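Trainee: Right, I'll just put the structure down here and ask away after.
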Amino acid sequence: MQFPFLSVIVFTPLVAALIILMLPARRKDLVRSVALAAATLDLILSAWVYLTYLLQGMDGYQFVEQYSWLPTLGISLHFGVDGMSTPLILLTGIVMFTGVLISWGEERNGVSAGIQDRPREFFAFLFILASGVFGVFASLDLFMLFFFYEIAVFPMYLLIVIWGWVVTREYAAMKLTLYLFVGSVISLVGALAMVWTAYQNTGVLSFDLLHLEQAGFSAEFQRLWFLPVFLGFAVLGGIWPFHNWSPDGHVAAPTAVSMFHAGVLMKLGAFAALRVGIMLMPQGAKEWSWLILGLATVNVVYGAFIAFVQTDFKYVIGFSSVSHMGLVMMGFATLSREGLLGAGLQMFSHGVMTALFFAVVGMVYDRAHTRHIPDLGGFAKVMPYPAIGFIIGGLVSMGMPGFSGFIAEFPIFMGVWKTQWLIAVIAAVSIVVTASYILIIVRRVFFGEASEVLLHHHVGDVTPLDKLAIVTLCAFMVGLGLFPGLMAPMVGRGVDYILHLLGGA
Amino acid sequence: MDFLNAHLLSLILFFPTLAALVMLFLPSKRVGLLRWYAFLVSLVPLALSILLWFQFDPSREGFQFEERYIWYAALHSSLHLGVDGLSLTMVLLTTLLTPLAILASFSITDRVKAYMILFLLLETGMLGVFLALDLLIFFVFWEVGLVPMYFLINQWGSANRDYASLKFMIYTMGGSLGLLLSIQLLGVLFQTYDLPELYKAWNALTEGTLLGMSVSTVKTIAFWAFVIAFAIKVPVWPFHTWLPDAHTEAPTAGSMILAGVLLKLGAYGFLRLVLPLYPLEARMYAGALALLATAAIVFGAFGSYAQNDFKRLVAYSSVNHMGFVVLGIAAAALAAGTADARIALNGAILQMFNHGLSAAGMFFLVGVIYERTHTRNLNELGGLFPLVPVYGGILIFTSMASLGLPGLNGFVSEFLVVRGAYPVLTSYTAISMLGLLFTGAYILKAIRQVLHGPLNEHWAHGEHRLTEMTPREIVVMAPLMALILLIGVWPSWILKVINEAVMRLF
């Protein structure tokens, strides 16, 4: 039997959280060291899984593990990754690692960067969340998928309410949790309907996704249930008009949580919508794809315009996530090879990019104590790394060739061309809008006249760990942009499987 | 040597980027080291492209030195490089102007490292467009070249740089949207981005319907999408308004490259993509293109004459000169296959090269005077010839090339364009000759206001006393002037390469 990579990846954060909770609260650096060790371990393991999958033929589900859990109900702890989920495992590893790095922070000269207040509890909750995220991406069992999904969502509430931005944290945390729970409950009802129908069709009671794929749901059933299941998950993916929780949540959350939130959690929604919605009910997906495409287009264009008019640095990024996640949904809705390929790549690319964005915003805010864009300016002089990182992220965001955003967005648009060319033309507008607001922000925040804030608060440079986090994230964006062959073939194999399900329906 | 020949293009293309990466690790305090390093490494692509020039066999059919590497297999796009006479000329222009621009930037003192790195990346971006034989790769380099230029203007430009750089970026990106969408359409239709294959496949597609419209309608829309993207870059009137701002605000070397090479990207797009992919549409709308080109020639000249800012004057002159390139292209599209078309195209391509030399030279000379006086206002200059005779001589020489004086390069190419266009586009050519008259007027105006007339005493004494050009500055101008004269008196060495390419392409 091979080494259980996926279980170790999924449960390492959970175990680390327990260890951290047993450490004395005063020994902050010890807590952080344990957290960093766990995050590094997970990053290495997920990179190992990624590379193994890439180099070993990229065939179907690999690293499969199955442990019986509740056999009477057909529930088992069934893990396995394919071309679609492997990049997301790697993404989670990256975000977890960099999230811990930038939460380390420092406390000097009145600067309180990172997490200085109760880091023990913070890291414990954050790691429980990370376990949940890994679990969803690795699960091949519908019950376990929901199980991990809720584990990922709940700590979010505490993390925002306790460590969030004082002004809006209660409101945002409540809003976020309610939205996501309502969404997942609706999906859960659909999921139970699927399991029950599959039981009636096949005589086997099982939550296994691979079993449910073959359950032969009737067209009638799929038409009825696809939409609730897909949209229930897509709420977490930030689909319009249910995106409302997300910018508020992003803004209120502490930096590392925003990174997790926008970088990984939104992919959780999109991934689950794909895995459960589209892959289990392909007929329903075909039936409703026009609606998803329409909603996603609103996401893309409307999100970009709303981001353009924000004056709060963090809200800009929040709404840009709404816009970019729209592209993922758009790629799904095309149900074509190119569209799905692009969506898979966009999930990774956007995850890394937005994690970087929120990290940089956090670094600026911790030192400037304001996120009001007109009050900022001239930060490139004192913090060159965040400035260059933000510029690279910005180029990814505007879909500049040579960076990962282009690699992802280009196939999505090709997929849209195949389905409905008019949408491609409309959505393309967002590229210019995005370029405008990114360039304007870069200029206002990082260049231009040194602001009052900069002069009066003795803003200093970021810590070496922050720099390491920025360099890591940038390396992935540039690497993927220059060498799409590092990821596209893998996602392509995942897409082949989805197309097989779509064709077989 | 075999390795060198087999990878010559990718070496030329990626050497500047590799050098820029190495530069990241050089100490940013050692300004002298950084400058010399950047200059010396930029000579390598020049040496390689001179080698390429001599290894290149003009009489051979098709693309040479082809290389192909896997890039984005899922979209059937590969890093396919190759040169013909057209791209070879442009590659030589780019690799020639980059070291000169870097040498011209030795006066930059602020953040030299970042500046030089951006410049080297810019070189890769521009070369990539000229070398690409894959539509997606073409677009990648087309867009990516914008980024270094944006930051060069935005960070090292003069007073109004924020406005100018954003306008430059958004204008070009917005203009490229249609190009992007059309490229996607081609990719979706043919499952390949390889240019030689697309030439065949897209031209073979004449019947039937696409996206619910007839093929000819779709082709017409796609044609205009391509044309607008390239017309903005050239720029053709009325899409030229970004240019005076960007050129004026950019640092000297930035303007040299902008006018010298970046504008050629647009014209190159017409020649490499629009004419071969859309011969019928190009023929149908050649009249419209010629009208815009004539407008660019005439209004460019008027606009230039009206300026009191030396740099803006030179910027508008680019609109005027690039108009001739587009006029030549329009004539070639209309009369495709005839001798007139070939003459016009020869002229257009040579004009691209020539304008690259003279515009880069002019912007550099504007920069020389600006660095000393910190003004570009023509009214504040005047009578400087006795103070700086060498500068005066060089300025007059370069201006005369720009004006189209026989014996210098501008005359050869403009004559060829006019000769080729006259039989097919008689009235437009006649009107554009009027523009040529004003070219003379604005150039003489600039010379008079800077060099002649009453001396502005401010520059004659004390701390403001104007100093002569330094040897470094003369070295920047020397190769440009040598080539200007060489092409003027003996154009056949370069026309031979261009003509062979034109004969094969059209």
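By order in the structure tokens, chains are A, B, ...; within a chain, residues start at 1; ligands start at 1, following the order shown.
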Extract, using only C-alpha atoms, all DNA, RNA and protein residues at most 8 Å from A:Phe260, discarding same-chain residues fewer than 2 positions from it, and format them as a PyMOL selection string.

Mentor: chain A and resi 95-96+99+256-258+262-265+355

Trainee: To one decimal in Å, tell me the separation between atom CA of B:Val475 and atom CA of B:Leu365.

Mentor: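 Spanning atom CA of B:Val475 to atom CA of B:Leu365 is a straight-line distance of 12.4 Å.
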
Trainee: Report as a PyMOL selection string the set of chain B residues whose atoms approach chain A to within 8 Å, with distances computed over only C-alpha atoms.

Mentor: chain B and resi 71-75+139-141+143-144+162+166+170+173-174+177+181+184-185+187-188+211

Trainee: If I take atom CA of A:Ser131 and atom CA of A:Phe230, how far is one from the other in Å, to one decimal?

Mentor: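 One can read the atom CA of A:Ser131 to atom CA of A:Phe230 distance as 23.1 Å.
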
Trainee: From the list A:Leu345, A:Leu192, A:Ile151, A:Val229, which residue is nearest A:Thr86 when using only C-alpha atoms?

Mentor: A:Leu345

Trainee: Taking 6 positions as the minimum chain separation for residues in the same chain, which residues sit within 12 Å of stretch 202-215 of chain A when counting only C-alpha atoms? Answer as number ranges by chain.

Mentor: A: 60-61, 66-80, 138-146, 191-196, 221-222, 272, 275-283, 497-498, 500-502, 504-505

Trainee: Report, in Å with one decimal, the straight-line distance from atom CA of B:Thr17 to atom CA of B:Gly125.

Mentor: 9.2 Å

Trainee: Find the residue from A:Ile128, A:Glu449, A:His250, A:Ser103 that sits nearest to A:Lys175; use only C-alpha atoms when measuring.

Mentor: A:His250
